[in-house]
>>> print(open('work21.cif').read())   # mmCIF, C-alpha atoms, pLDDT in the B column; chains and numbers go by the auth columns
data_target
#
loop_
_atom_site.group_PDB
_atom_site.id
_atom_site.type_symbol
_atom_site.label_atom_id
_atom_site.label_comp_id
_atom_site.label_asym_id
_atom_site.label_seq_id
_atom_site.Cartn_x
_atom_site.Cartn_y
_atom_site.Cartn_z
_atom_site.B_iso_or_equiv
_atom_site.auth_seq_id
_atom_site.auth_asym_id
ATOM 1 C CA MET A 1 86.966 68.867 72.772 60.00 1 D
ATOM 2 C CA SER A 2 86.253 66.268 70.104 75.00 2 D
ATOM 3 C CA ASP A 3 88.722 65.731 67.271 82.00 3 D
ATOM 4 C CA LYS A 4 86.174 66.959 64.751 81.00 4 D
ATOM 5 C CA LYS A 5 85.606 70.163 66.709 79.00 5 D
ATOM 6 C CA LYS A 6 89.351 70.629 67.212 83.00 6 D
ATOM 7 C CA ASP A 7 89.944 70.216 63.488 82.00 7 D
ATOM 8 C CA ALA A 8 87.223 72.759 62.747 78.00 8 D
ATOM 9 C CA VAL A 9 88.793 75.237 65.182 78.00 9 D
ATOM 10 C CA ASP A 10 92.249 74.638 63.693 82.00 10 D
ATOM 11 C CA ASN A 11 90.874 75.190 60.181 78.00 11 D
ATOM 12 C CA PHE A 12 89.145 78.368 61.307 76.00 12 D
ATOM 13 C CA ILE A 13 92.339 79.688 62.903 80.00 13 D
ATOM 14 C CA ASP A 14 94.213 78.940 59.695 79.00 14 D
ATOM 15 C CA PHE A 15 91.495 80.802 57.792 75.00 15 D
ATOM 16 C CA ILE A 16 91.765 83.836 60.101 77.00 16 D
ATOM 17 C CA LEU A 17 95.554 83.931 59.858 77.00 17 D
ATOM 18 C CA SER A 18 95.650 83.675 56.066 77.00 18 D
ATOM 19 C CA ASP A 19 95.077 86.996 54.350 71.00 19 D
ATOM 20 C CA ASP A 20 94.429 85.627 50.880 73.00 20 D
ATOM 21 C CA SER A 21 91.624 83.142 51.538 67.00 21 D
ATOM 22 C CA PRO A 22 88.260 84.374 50.325 74.00 22 D
ATOM 23 C CA VAL A 23 85.251 83.770 52.542 74.00 23 D
ATOM 24 C CA GLY A 24 82.980 81.156 51.047 77.00 24 D
ATOM 25 C CA PRO A 25 79.812 79.302 51.990 83.00 25 D
ATOM 26 C CA GLU A 26 81.901 76.459 53.415 78.00 26 D
ATOM 27 C CA ASP A 27 83.259 78.896 56.033 75.00 27 D
ATOM 28 C CA GLU A 28 79.794 79.811 57.341 83.00 28 D
ATOM 29 C CA ALA A 29 79.692 76.902 59.823 81.00 29 D
ATOM 30 C CA ASN A 30 83.119 77.809 61.224 77.00 30 D
ATOM 31 C CA ILE A 31 82.164 81.463 61.554 80.00 31 D
ATOM 32 C CA GLN A 32 78.918 80.530 63.309 86.00 32 D
ATOM 33 C CA MET A 33 80.806 78.183 65.648 83.00 33 D
ATOM 34 C CA PHE A 34 83.197 81.022 66.507 81.00 34 D
ATOM 35 C CA ASN A 35 80.335 83.488 67.101 87.00 35 D
ATOM 36 C CA ASN A 36 78.570 80.954 69.338 89.00 36 D
ATOM 37 C CA ALA A 37 81.773 80.390 71.320 85.00 37 D
ATOM 38 C CA VAL A 38 82.232 84.138 71.794 87.00 38 D
ATOM 39 C CA GLU A 39 78.631 84.574 72.962 92.00 39 D
ATOM 40 C CA SER A 40 78.962 81.614 75.310 92.00 40 D
ATOM 41 C CA ALA A 41 82.160 83.073 76.768 90.00 41 D
ATOM 42 C CA LYS A 42 80.444 86.442 77.297 92.00 42 D
ATOM 43 C CA VAL A 43 77.615 84.740 79.196 93.00 43 D
ATOM 44 C CA ARG A 44 80.086 82.762 81.348 93.00 44 D
ATOM 45 C CA VAL A 45 82.064 85.926 82.160 92.00 45 D
ATOM 46 C CA ALA A 46 78.867 87.802 83.080 91.00 46 D
ATOM 47 C CA LYS A 47 77.712 84.930 85.316 91.00 47 D
ATOM 48 C CA SER A 48 81.125 84.785 86.961 90.00 48 D
ATOM 49 C CA ARG A 49 81.053 88.529 87.656 88.00 49 D
ATOM 50 C CA LEU A 50 77.569 88.234 89.108 88.00 50 D
ATOM 51 C CA GLU A 51 78.623 85.367 91.373 86.00 51 D
ATOM 52 C CA ARG A 52 81.680 87.323 92.589 84.00 52 D
ATOM 53 C CA ALA A 53 79.485 90.350 93.261 82.00 53 D
ATOM 54 C CA ARG A 54 76.979 88.213 95.156 80.00 54 D
ATOM 55 C CA ALA A 55 79.756 86.583 97.168 79.00 55 D
ATOM 56 C CA GLY A 56 81.218 89.985 97.993 74.00 56 D
ATOM 57 C CA ALA A 57 77.850 91.354 99.059 68.00 57 D
ATOM 58 C CA PHE A 58 77.224 88.271 101.161 67.00 58 D
ATOM 59 C CA SER A 59 80.612 88.377 102.848 63.00 59 D
ATOM 60 C CA SER A 60 80.270 92.072 103.642 58.00 60 D
ATOM 61 C CA ASN A 61 77.042 91.296 105.513 56.00 61 D
ATOM 62 C CA MET A 62 78.680 88.599 107.609 57.00 62 D
ATOM 63 C CA SER A 63 79.861 89.508 111.058 54.00 63 D
ATOM 64 C CA SER A 64 83.600 89.674 111.404 58.00 64 D
ATOM 65 C CA GLY A 65 85.645 87.515 113.703 66.00 65 D
ATOM 66 C CA VAL A 66 87.166 90.597 115.364 69.00 66 D
ATOM 67 C CA SER A 67 86.841 90.731 119.138 75.00 67 D
ATOM 68 C CA ASN A 68 86.085 93.848 121.161 76.00 68 D
ATOM 69 C CA LEU A 69 89.616 93.700 122.572 79.00 69 D
ATOM 70 C CA ASP A 70 91.040 93.713 119.033 81.00 70 D
ATOM 71 C CA LYS A 71 88.811 96.659 118.129 81.00 71 D
ATOM 72 C CA GLU A 72 89.876 98.555 121.249 85.00 72 D
ATOM 73 C CA ARG A 73 93.545 97.975 120.395 84.00 73 D
ATOM 74 C CA ALA A 74 92.849 99.155 116.838 83.00 74 D
ATOM 75 C CA LYS A 75 91.011 102.223 118.222 84.00 75 D
ATOM 76 C CA ARG A 76 94.040 103.200 120.298 87.00 76 D
ATOM 77 C CA ARG A 77 96.313 102.802 117.267 84.00 77 D
ATOM 78 C CA TYR A 78 93.885 104.782 115.103 82.00 78 D
ATOM 79 C CA ASP A 79 93.724 107.590 117.689 86.00 79 D
ATOM 80 C CA ARG A 80 97.532 107.730 117.795 85.00 80 D
ATOM 81 C CA ALA A 81 97.716 107.953 113.990 82.00 81 D
ATOM 82 C CA LYS A 82 94.972 110.587 113.884 80.00 82 D
ATOM 83 C CA ALA A 83 96.900 112.636 116.431 85.00 83 D
ATOM 84 C CA GLY A 84 99.979 112.519 114.190 82.00 84 D
ATOM 85 C CA ASP A 85 101.991 109.833 115.989 83.00 85 D
ATOM 86 C CA LEU A 86 104.295 108.472 113.289 80.00 86 D
ATOM 87 C CA THR A 87 105.139 105.418 115.393 81.00 87 D
ATOM 88 C CA ALA A 88 101.554 104.161 114.984 78.00 88 D
ATOM 89 C CA GLY A 89 102.600 102.830 111.586 78.00 89 D
ATOM 90 C CA LEU A 90 99.426 103.966 109.824 75.00 90 D
ATOM 91 C CA THR A 91 98.657 106.408 107.087 70.00 91 D
ATOM 92 C CA LEU A 92 95.118 107.704 107.120 67.00 92 D
ATOM 93 C CA ALA A 93 93.611 108.500 103.738 66.00 93 D
ATOM 94 C CA ALA A 94 92.338 111.982 103.038 56.00 94 D
ATOM 95 C CA ARG A 95 88.552 112.206 102.795 53.00 95 D
ATOM 96 C CA PHE A 96 86.403 114.541 100.771 52.00 96 D
ATOM 97 C CA GLY A 97 83.510 116.348 102.404 48.00 97 D
ATOM 98 C CA ASP A 98 83.709 117.390 106.034 51.00 98 D
ATOM 99 C CA GLY A 99 87.073 115.715 106.592 54.00 99 D
ATOM 100 C CA SER A 100 85.639 113.421 109.247 59.00 100 D
ATOM 101 C CA MET A 101 86.115 109.681 109.227 58.00 101 D
ATOM 102 C CA ASP A 102 84.110 109.146 112.391 61.00 102 D
ATOM 103 C CA GLY A 103 81.068 107.851 110.481 60.00 103 D
ATOM 104 C CA ASP A 104 83.203 105.024 109.123 69.00 104 D
ATOM 105 C CA LEU A 105 85.065 104.429 112.371 73.00 105 D
ATOM 106 C CA GLU A 106 83.509 101.057 113.205 74.00 106 D
ATOM 107 C CA ALA A 107 84.373 99.605 109.784 74.00 107 D
ATOM 108 C CA ILE A 108 87.852 101.147 109.903 74.00 108 D
ATOM 109 C CA LEU A 109 88.560 99.613 113.299 77.00 109 D
ATOM 110 C CA GLU A 110 87.348 96.180 112.198 79.00 110 D
ATOM 111 C CA ASP A 111 89.532 96.352 109.089 78.00 111 D
ATOM 112 C CA LEU A 112 92.527 97.509 111.094 79.00 112 D
ATOM 113 C CA ALA A 113 92.050 94.755 113.683 81.00 113 D
ATOM 114 C CA GLU A 114 91.785 92.149 110.905 81.00 114 D
ATOM 115 C CA LEU A 115 94.966 93.474 109.278 79.00 115 D
ATOM 116 C CA GLU A 116 96.808 93.368 112.593 79.00 116 D
ATOM 117 C CA ASP A 117 95.632 89.795 113.098 76.00 117 D
ATOM 118 C CA GLU A 118 96.854 88.864 109.590 73.00 118 D
ATOM 119 C CA ASP A 119 100.208 90.541 110.299 70.00 119 D
ATOM 120 C CA LYS A 120 100.503 88.645 113.575 73.00 120 D
ATOM 121 C CA ASN A 121 99.689 85.331 111.866 71.00 121 D
ATOM 122 C CA SER A 122 102.176 85.917 109.053 68.00 122 D
ATOM 123 C CA ASP A 123 104.894 86.833 111.570 67.00 123 D
ATOM 124 C CA GLU A 124 104.266 83.552 113.407 65.00 124 D
ATOM 125 C CA ASN A 125 104.637 81.520 110.182 55.00 125 D
#
>>> encode(input="work21.cif", output="structure tokens")
Amino acid sequence: MSDKKKDAVDNFIDFILSDDSPVGPEDEANIQMFNNAVESAKVRVAKSRLERARAGAFSSNMSSGVSNLDKERAKRRYDRAKAGDLTAGLTLAARFGDGSMDGDLEAILEDLAELEDEDKNSDEN
């Protein structure tokens, strides 16, 4: 930020913080600079949100690095938890509707296998 711009921002902050300063024509440029900065920040935030949403949509379409063996291990653990085995170390979330999670089973198993892999990697470190 240039010194001139920094001085203008400092003056504007002083103006905002002082309760007794009347608004005059000389303040118009500072107020416009502030409004422009706010609008610019809103645009940057919106672009950032859009990019994060795009990245999330893209990553969800990518195939996972989970092997069939990992998924089978996760399936056995899931079946144990579903049957009420407390040693499985899982808590299954309640679902609305028909109470079935079978439609989401493939995604659940991939997530579980990825979590197990992360746990294994963090235990090794």
>>> resolve_selection(input="work21.cif", expression="the PyMOL selection byres ((chain D and resi 77) around 12)", output="MDAnalysis selection string")
chainID D and resid 70:76 78:92 108:109 112:113 116
>>> atom_distance(input="work21.cif", atom1="CA of Pro22 (chain D)", atom2="CA of Lys4 (chain D)")
22.7 Å
>>> resolve_selection(input="work21.cif", expression="the PyMOL selection byres ((chain D and resi 33) around 12)", output="VMD selection string")
chain D and resid 5 to 6 8 to 9 11 to 13 27 to 32 34 to 40
>>> atom_distance(input="work21.cif", atom1="CA of Asp117 (chain D)", atom2="CA of Leu69 (chain D)")
11.9 Å
